[in-house]
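Colleague: The file below is structure.pdb, PDB, C-alpha atoms, pLDDT in the B column:
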```
ATOM      1  CA  MET B  13       0.000   0.000   0.000  1.00 55.00           C
ATOM      2  CA  ASN B  14       1.319   3.442  -0.762  1.00 68.00           C
ATOM      3  CA  ARG B  15       1.610   6.102   1.922  1.00 73.00           C
ATOM      4  CA  ASN B  16      -1.296   8.302   0.689  1.00 73.00           C
ATOM      5  CA  TYR B  17      -3.589   5.292   0.413  1.00 71.00           C
ATOM      6  CA  SER B  18      -2.756   4.295   4.007  1.00 78.00           C
ATOM      7  CA  LYS B  19      -3.339   7.851   5.251  1.00 81.00           C
ATOM      8  CA  ASN B  20      -6.714   7.963   3.501  1.00 84.00           C
ATOM      9  CA  ILE B  21      -7.786   4.676   5.065  1.00 81.00           C
ATOM     10  CA  ILE B  22      -6.691   5.814   8.528  1.00 84.00           C
ATOM     11  CA  SER B  23      -8.415   9.148   8.047  1.00 86.00           C
ATOM     12  CA  HIS B  24     -11.593   7.352   6.997  1.00 84.00           C
ATOM     13  CA  ARG B  25     -11.404   5.099  10.069  1.00 87.00           C
ATOM     14  CA  GLN B  26     -11.097   8.108  12.367  1.00 88.00           C
ATOM     15  CA  SER B  27     -13.940   9.926  10.609  1.00 87.00           C
ATOM     16  CA  MET B  28     -16.252   7.063  11.582  1.00 89.00           C
ATOM     17  CA  ILE B  29     -16.044   7.943  15.304  1.00 92.00           C
ATOM     18  CA  GLY B  30     -19.579   8.770  16.395  1.00 92.00           C
ATOM     19  CA  SER B  31     -21.258   6.553  13.795  1.00 94.00           C
ATOM     20  CA  ALA B  32     -22.567   3.038  14.419  1.00 94.00           C
ATOM     21  CA  CYS B  33     -20.709  -0.214  13.839  1.00 94.00           C
ATOM     22  CA  PRO B  34     -22.464  -1.858  10.867  1.00 92.00           C
ATOM     23  CA  ILE B  35     -22.547  -5.209  12.666  1.00 93.00           C
ATOM     24  CA  CYS B  36     -23.556  -4.562  16.284  1.00 93.00           C
ATOM     25  CA  ARG B  37     -24.799  -0.967  15.902  1.00 93.00           C
ATOM     26  CA  VAL B  38     -22.805   0.348  18.913  1.00 95.00           C
ATOM     27  CA  LYS B  39     -21.506   3.889  18.653  1.00 96.00           C
ATOM     28  CA  LEU B  40     -17.866   4.002  17.574  1.00 95.00           C
ATOM     29  CA  VAL B  41     -15.708   5.909  20.078  1.00 95.00           C
ATOM     30  CA  ALA B  42     -12.084   7.047  20.262  1.00 91.00           C
ATOM     31  CA  ILE B  43     -10.943   4.629  23.012  1.00 90.00           C
ATOM     32  CA  GLY B  44     -12.012   1.139  24.095  1.00 89.00           C
ATOM     33  CA  ASP B  45     -13.687  -1.924  22.595  1.00 88.00           C
ATOM     34  CA  ASN B  46     -15.849   0.272  20.412  1.00 93.00           C
ATOM     35  CA  THR B  47     -12.991   2.038  18.628  1.00 94.00           C
ATOM     36  CA  PRO B  48     -13.205   1.889  14.844  1.00 95.00           C
ATOM     37  CA  THR B  49     -10.951  -0.631  13.113  1.00 93.00           C
ATOM     38  CA  ILE B  50     -10.266  -1.371   9.489  1.00 91.00           C
ATOM     39  CA  GLU B  51     -11.634  -4.786   8.560  1.00 92.00           C
ATOM     40  CA  HIS B  52     -11.171  -6.830   5.419  1.00 91.00           C
ATOM     41  CA  ILE B  53     -14.610  -7.760   4.133  1.00 90.00           C
ATOM     42  CA  ILE B  54     -13.122 -10.931   2.690  1.00 89.00           C
ATOM     43  CA  PRO B  55     -10.006 -11.930   4.669  1.00 88.00           C
ATOM     44  CA  LEU B  56      -6.721 -11.972   2.790  1.00 87.00           C
ATOM     45  CA  SER B  57      -6.426 -15.704   3.493  1.00 84.00           C
ATOM     46  CA  ASN B  58      -9.793 -16.243   1.743  1.00 84.00           C
ATOM     47  CA  GLY B  59      -8.694 -14.431  -1.393  1.00 88.00           C
ATOM     48  CA  GLY B  60      -9.500 -10.881  -0.269  1.00 88.00           C
ATOM     49  CA  SER B  61      -7.318  -7.897  -1.071  1.00 88.00           C
ATOM     50  CA  ASN B  62      -6.202  -4.601   0.459  1.00 87.00           C
ATOM     51  CA  ARG B  63      -8.240  -2.639  -2.079  1.00 87.00           C
ATOM     52  CA  LYS B  64     -10.695  -0.056  -0.736  1.00 84.00           C
ATOM     53  CA  ASN B  65     -13.691  -2.063  -1.928  1.00 88.00           C
ATOM     54  CA  ASN B  66     -12.608  -4.920   0.369  1.00 89.00           C
ATOM     55  CA  LEU B  67     -12.162  -2.726   3.443  1.00 89.00           C
ATOM     56  CA  THR B  68     -14.727  -1.430   5.876  1.00 91.00           C
ATOM     57  CA  VAL B  69     -14.810   0.037   9.369  1.00 94.00           C
ATOM     58  CA  ILE B  70     -16.248  -1.901  12.322  1.00 95.00           C
ATOM     59  CA  CYS B  71     -15.751  -1.760  16.095  1.00 95.00           C
ATOM     60  CA  ARG B  72     -12.739  -3.463  17.633  1.00 95.00           C
ATOM     61  CA  ALA B  73     -14.914  -6.004  19.502  1.00 96.00           C
ATOM     62  CA  CYS B  74     -16.593  -7.153  16.268  1.00 96.00           C
ATOM     63  CA  ASN B  75     -13.193  -7.222  14.553  1.00 94.00           C
ATOM     64  CA  HIS B  76     -11.840  -9.545  17.254  1.00 96.00           C
ATOM     65  CA  ALA B  77     -14.941 -11.750  17.061  1.00 96.00           C
ATOM     66  CA  ARG B  78     -14.639 -12.066  13.257  1.00 94.00           C
ATOM     67  CA  ASN B  79     -10.976 -12.995  13.660  1.00 94.00           C
ATOM     68  CA  PHE B  80     -11.979 -15.585  16.269  1.00 96.00           C
ATOM     69  CA  VAL B  81     -14.457 -17.161  13.811  1.00 96.00           C
ATOM     70  CA  LYS B  82     -11.731 -17.327  11.164  1.00 94.00           C
ATOM     71  CA  GLN B  83      -9.228 -18.946  13.568  1.00 95.00           C
ATOM     72  CA  PHE B  84     -11.802 -21.336  15.038  1.00 96.00           C
ATOM     73  CA  PHE B  85     -12.641 -22.851  11.667  1.00 95.00           C
ATOM     74  CA  GLU B  86      -9.076 -22.731  10.317  1.00 94.00           C
ATOM     75  CA  ASN B  87      -7.970 -24.728  13.386  1.00 96.00           C
ATOM     76  CA  LYS B  88     -10.505 -27.375  12.331  1.00 95.00           C
ATOM     77  CA  GLY B  89      -9.100 -27.343   8.788  1.00 95.00           C
ATOM     78  CA  GLU B  90     -12.154 -25.543   7.412  1.00 94.00           C
ATOM     79  CA  ARG B  91     -12.562 -22.275   5.575  1.00 91.00           C
ATOM     80  CA  VAL B  92     -15.432 -19.896   6.315  1.00 93.00           C
ATOM     81  CA  PRO B  93     -17.479 -19.224   3.152  1.00 93.00           C
ATOM     82  CA  VAL B  94     -16.804 -15.897   1.455  1.00 90.00           C
ATOM     83  CA  GLU B  95     -20.532 -15.186   1.515  1.00 93.00           C
ATOM     84  CA  TYR B  96     -20.543 -15.288   5.316  1.00 94.00           C
ATOM     85  CA  TRP B  97     -17.848 -12.632   5.484  1.00 91.00           C
ATOM     86  CA  GLN B  98     -19.836 -10.356   3.182  1.00 91.00           C
ATOM     87  CA  CYS B  99     -23.267 -10.864   4.776  1.00 92.00           C
ATOM     88  CA  SER B 100     -22.060 -10.721   8.364  1.00 91.00           C
ATOM     89  CA  LEU B 101     -20.943  -7.111   8.019  1.00 90.00           C
ATOM     90  CA  LEU B 102     -24.436  -5.650   7.907  1.00 86.00           C
ATOM     91  CA  SER B 103     -26.923  -5.973  10.732  1.00 86.00           C
ATOM     92  CA  SER B 104     -29.692  -5.642   8.110  1.00 90.00           C
ATOM     93  CA  LEU B 105     -28.620  -9.017   6.668  1.00 91.00           C
ATOM     94  CA  LEU B 106     -28.812 -10.767  10.042  1.00 89.00           C
ATOM     95  CA  PRO B 107     -31.785 -12.969   9.042  1.00 93.00           C
ATOM     96  CA  ILE B 108     -29.750 -14.343   6.113  1.00 93.00           C
ATOM     97  CA  VAL B 109     -26.708 -14.891   8.328  1.00 93.00           C
ATOM     98  CA  GLU B 110     -28.743 -16.624  11.029  1.00 92.00           C
ATOM     99  CA  HIS B 111     -30.488 -18.886   8.512  1.00 93.00           C
ATOM    100  CA  TYR B 112     -27.671 -19.878   6.161  1.00 94.00           C
ATOM    101  CA  TYR B 113     -24.568 -19.395   8.296  1.00 95.00           C
ATOM    102  CA  TYR B 114     -25.820 -20.234  11.783  1.00 94.00           C
ATOM    103  CA  ASP B 115     -22.750 -22.280  12.830  1.00 94.00           C
ATOM    104  CA  TYR B 116     -20.393 -19.431  11.962  1.00 95.00           C
ATOM    105  CA  HIS B 117     -22.604 -16.764  13.462  1.00 93.00           C
ATOM    106  CA  LYS B 118     -23.007 -18.684  16.729  1.00 95.00           C
ATOM    107  CA  ILE B 119     -19.214 -18.672  17.149  1.00 95.00           C
ATOM    108  CA  PHE B 120     -19.148 -14.936  16.320  1.00 95.00           C
ATOM    109  CA  LEU B 121     -21.844 -14.126  18.890  1.00 94.00           C
ATOM    110  CA  ASN B 122     -20.096 -16.139  21.605  1.00 96.00           C
ATOM    111  CA  ALA B 123     -16.806 -14.380  20.891  1.00 96.00           C
ATOM    112  CA  ARG B 124     -18.420 -10.934  20.654  1.00 94.00           C
ATOM    113  CA  PHE B 125     -20.907 -11.002  23.538  1.00 91.00           C
ATOM    114  CA  GLY B 126     -19.676 -13.893  25.655  1.00 87.00           C
TER
END
```
Can the structure in the file be given as structure tokens, please?
Modeller:
Amino acid sequence: MNRNYSKNIISHRQSMIGSACPICRVKLVAIGDNTPTIEHIIPLSNGGSNRKNNLTVICRACNHARNFVKQFFENKGERVPVEYWQCSLLSSLLPIVEHYYYDYHKIFLNARFG
């Protein structure tokens, strides 16, 4: 990534403070579990890229939970479907996630909310 691209991404992340995380809808704040983080929509290990259209901003707690899902299934020798990664980023798609990707979402919820 070039320097200007990185600065733009970081600037975008910071500009999201005060808005809602697209997954859990908590307000993004400057410090704590609800700080905005850059997230790959499709993880690099699943064929995703560092392009802007594969990056979004979510809270740190949801970022950690998504990473936990990825590690959980990779440790079992499985890969999480690309469609789960895309759908799970929007709370409005929760019915689809709960219906078609329940096993993945259950792990996410346990990691995110305990």
Colleague: Against region 104-119 of chain B, which residues of region 18-64 of chain B fall within 12 Å? For each one I want the closest pair of atoms and the distance in Å (one decimal), counting all atoms listed in the file, rows by chain and increasing residue number, as CSV.
Modeller:
```
residue,atom,partner,partner_atom,distance
B:Cys33,CA,B:Ser104,CA,12.0
B:Pro34,CA,B:Ser104,CA,8.6
B:Ile35,CA,B:Ser104,CA,8.5
B:Cys36,CA,B:Leu106,CA,10.3
B:Arg37,CA,B:Ser104,CA,10.3
```
Colleague: For Val69 (chain B), which residue among B:Ala32, B:Ile22, B:Ile50, B:Val81 is the nearest when counting all atoms listed in the file?
Modeller: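 Among the listed residues, the smallest separation from Val69 (chain B) belongs to B:Ile50.
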Colleague: What does the distance between CA of Leu121 (chain B) and CA of Cys74 (chain B) come to in Å, to one decimal place?
Modeller: 9.1 Å
Colleague: Evaluated on this file, the PyMOL selection byres ((chain B and resi 72) around 7) picks out some residues - which ones are they, written as a ChimeraX atom specification?
Modeller: /B:45-49,70-71,73-76
Colleague: Considering only C-alpha atoms, return as an NGL selection string whatever protein or nucleic-acid residues lie within 6 Å of His52 (chain B), sequence-local ones (same chain, fewer than 3 positions apart) excluded.
Modeller: :B and (55 or 66-67)
Colleague: Pick out the closest residue to Val94 (chain B) from this set: B:Asn79, B:Asn20, B:Gly126, B:Ile53. Count all atoms listed in the file.
Modeller: B:Ile53
Colleague: Return as AutoDock Vina command-line options the centre and edge lengths, in Å with one decimal, of the box along x, y and z that encloses every atom of region 49-64 of chain B in the file, padded by 3 Å per side.
Modeller:
```
--center_x -10.4 --center_y -8.1 --center_z 5.5 --size_x 14.4 --size_y 22.2 --size_z 21.2
```
Colleague: Tell me, in Å to one decimal, how far CA of Ser27 (chain B) is from CA of Ile43 (chain B).
Modeller: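 Straight-line distance from CA of Ser27 (chain B) to CA of Ile43 (chain B) works out to 13.8 Å.
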Colleague: Find the distance between CA of Ile54 (chain B) and CA of Gln83 (chain B) and write it in Å to one decimal.
Modeller: 14.1 Å
Colleague: Go through B:Phe125, B:Thr68, B:Ser31, B:Ser18 and flag the residue nearest Trp97 (chain B), using only C-alpha atoms for the distances.
Modeller: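 Using only C-alpha atoms, Trp97 (chain B) sits closest to B:Thr68.
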Colleague: Any chance you could build region 60-76 of chain B out to N, CA and C atoms and write it as a compact mmCIF listing (two decimals), keeping the file's coordinate frame?
Modeller:
```txt
# COMPACT_ATOMS: atom_id res chain seq x y z
N GLY B 60 -9.23 -12.31 -0.30
CA GLY B 60 -9.50 -10.88 -0.27
C GLY B 60 -8.26 -10.07 -0.58
N SER B 61 -8.44 -8.77 -0.74
CA SER B 61 -7.32 -7.90 -1.07
C SER B 61 -7.29 -6.68 -0.13
N ASN B 62 -6.30 -5.84 -0.30
CA ASN B 62 -6.20 -4.60 0.46
C ASN B 62 -6.83 -3.43 -0.29
N ARG B 63 -7.57 -3.70 -1.32
CA ARG B 63 -8.24 -2.64 -2.08
C ARG B 63 -9.36 -2.03 -1.23
N LYS B 64 -9.66 -0.76 -1.50
CA LYS B 64 -10.70 -0.06 -0.74
C LYS B 64 -12.03 -0.78 -0.75
N ASN B 65 -12.39 -1.40 -1.86
CA ASN B 65 -13.69 -2.06 -1.93
C ASN B 65 -13.74 -3.35 -1.10
N ASN B 66 -12.62 -3.76 -0.52
CA ASN B 66 -12.61 -4.92 0.37
C ASN B 66 -12.35 -4.50 1.82
N LEU B 67 -12.40 -3.22 2.09
CA LEU B 67 -12.16 -2.73 3.44
C LEU B 67 -13.39 -2.00 3.95
N THR B 68 -13.64 -2.15 5.23
CA THR B 68 -14.73 -1.43 5.88
C THR B 68 -14.29 -1.10 7.30
N VAL B 69 -15.11 -0.36 7.99
CA VAL B 69 -14.81 0.04 9.37
C VAL B 69 -15.85 -0.59 10.28
N ILE B 70 -15.38 -1.31 11.31
CA ILE B 70 -16.25 -1.90 12.32
C ILE B 70 -15.60 -1.65 13.68
N CYS B 71 -16.33 -1.95 14.76
CA CYS B 71 -15.75 -1.76 16.10
C CYS B 71 -14.71 -2.85 16.37
N ARG B 72 -13.82 -2.53 17.29
CA ARG B 72 -12.74 -3.46 17.63
C ARG B 72 -13.28 -4.80 18.14
N ALA B 73 -14.35 -4.76 18.95
CA ALA B 73 -14.91 -6.00 19.50
C ALA B 73 -15.44 -6.92 18.39
N CYS B 74 -16.11 -6.34 17.40
CA CYS B 74 -16.59 -7.15 16.27
C CYS B 74 -15.42 -7.64 15.42
N ASN B 75 -14.39 -6.83 15.28
CA ASN B 75 -13.19 -7.22 14.55
C ASN B 75 -12.56 -8.45 15.21
N HIS B 76 -12.42 -8.41 16.54
CA HIS B 76 -11.84 -9.54 17.25
C HIS B 76 -12.72 -10.79 17.11
```
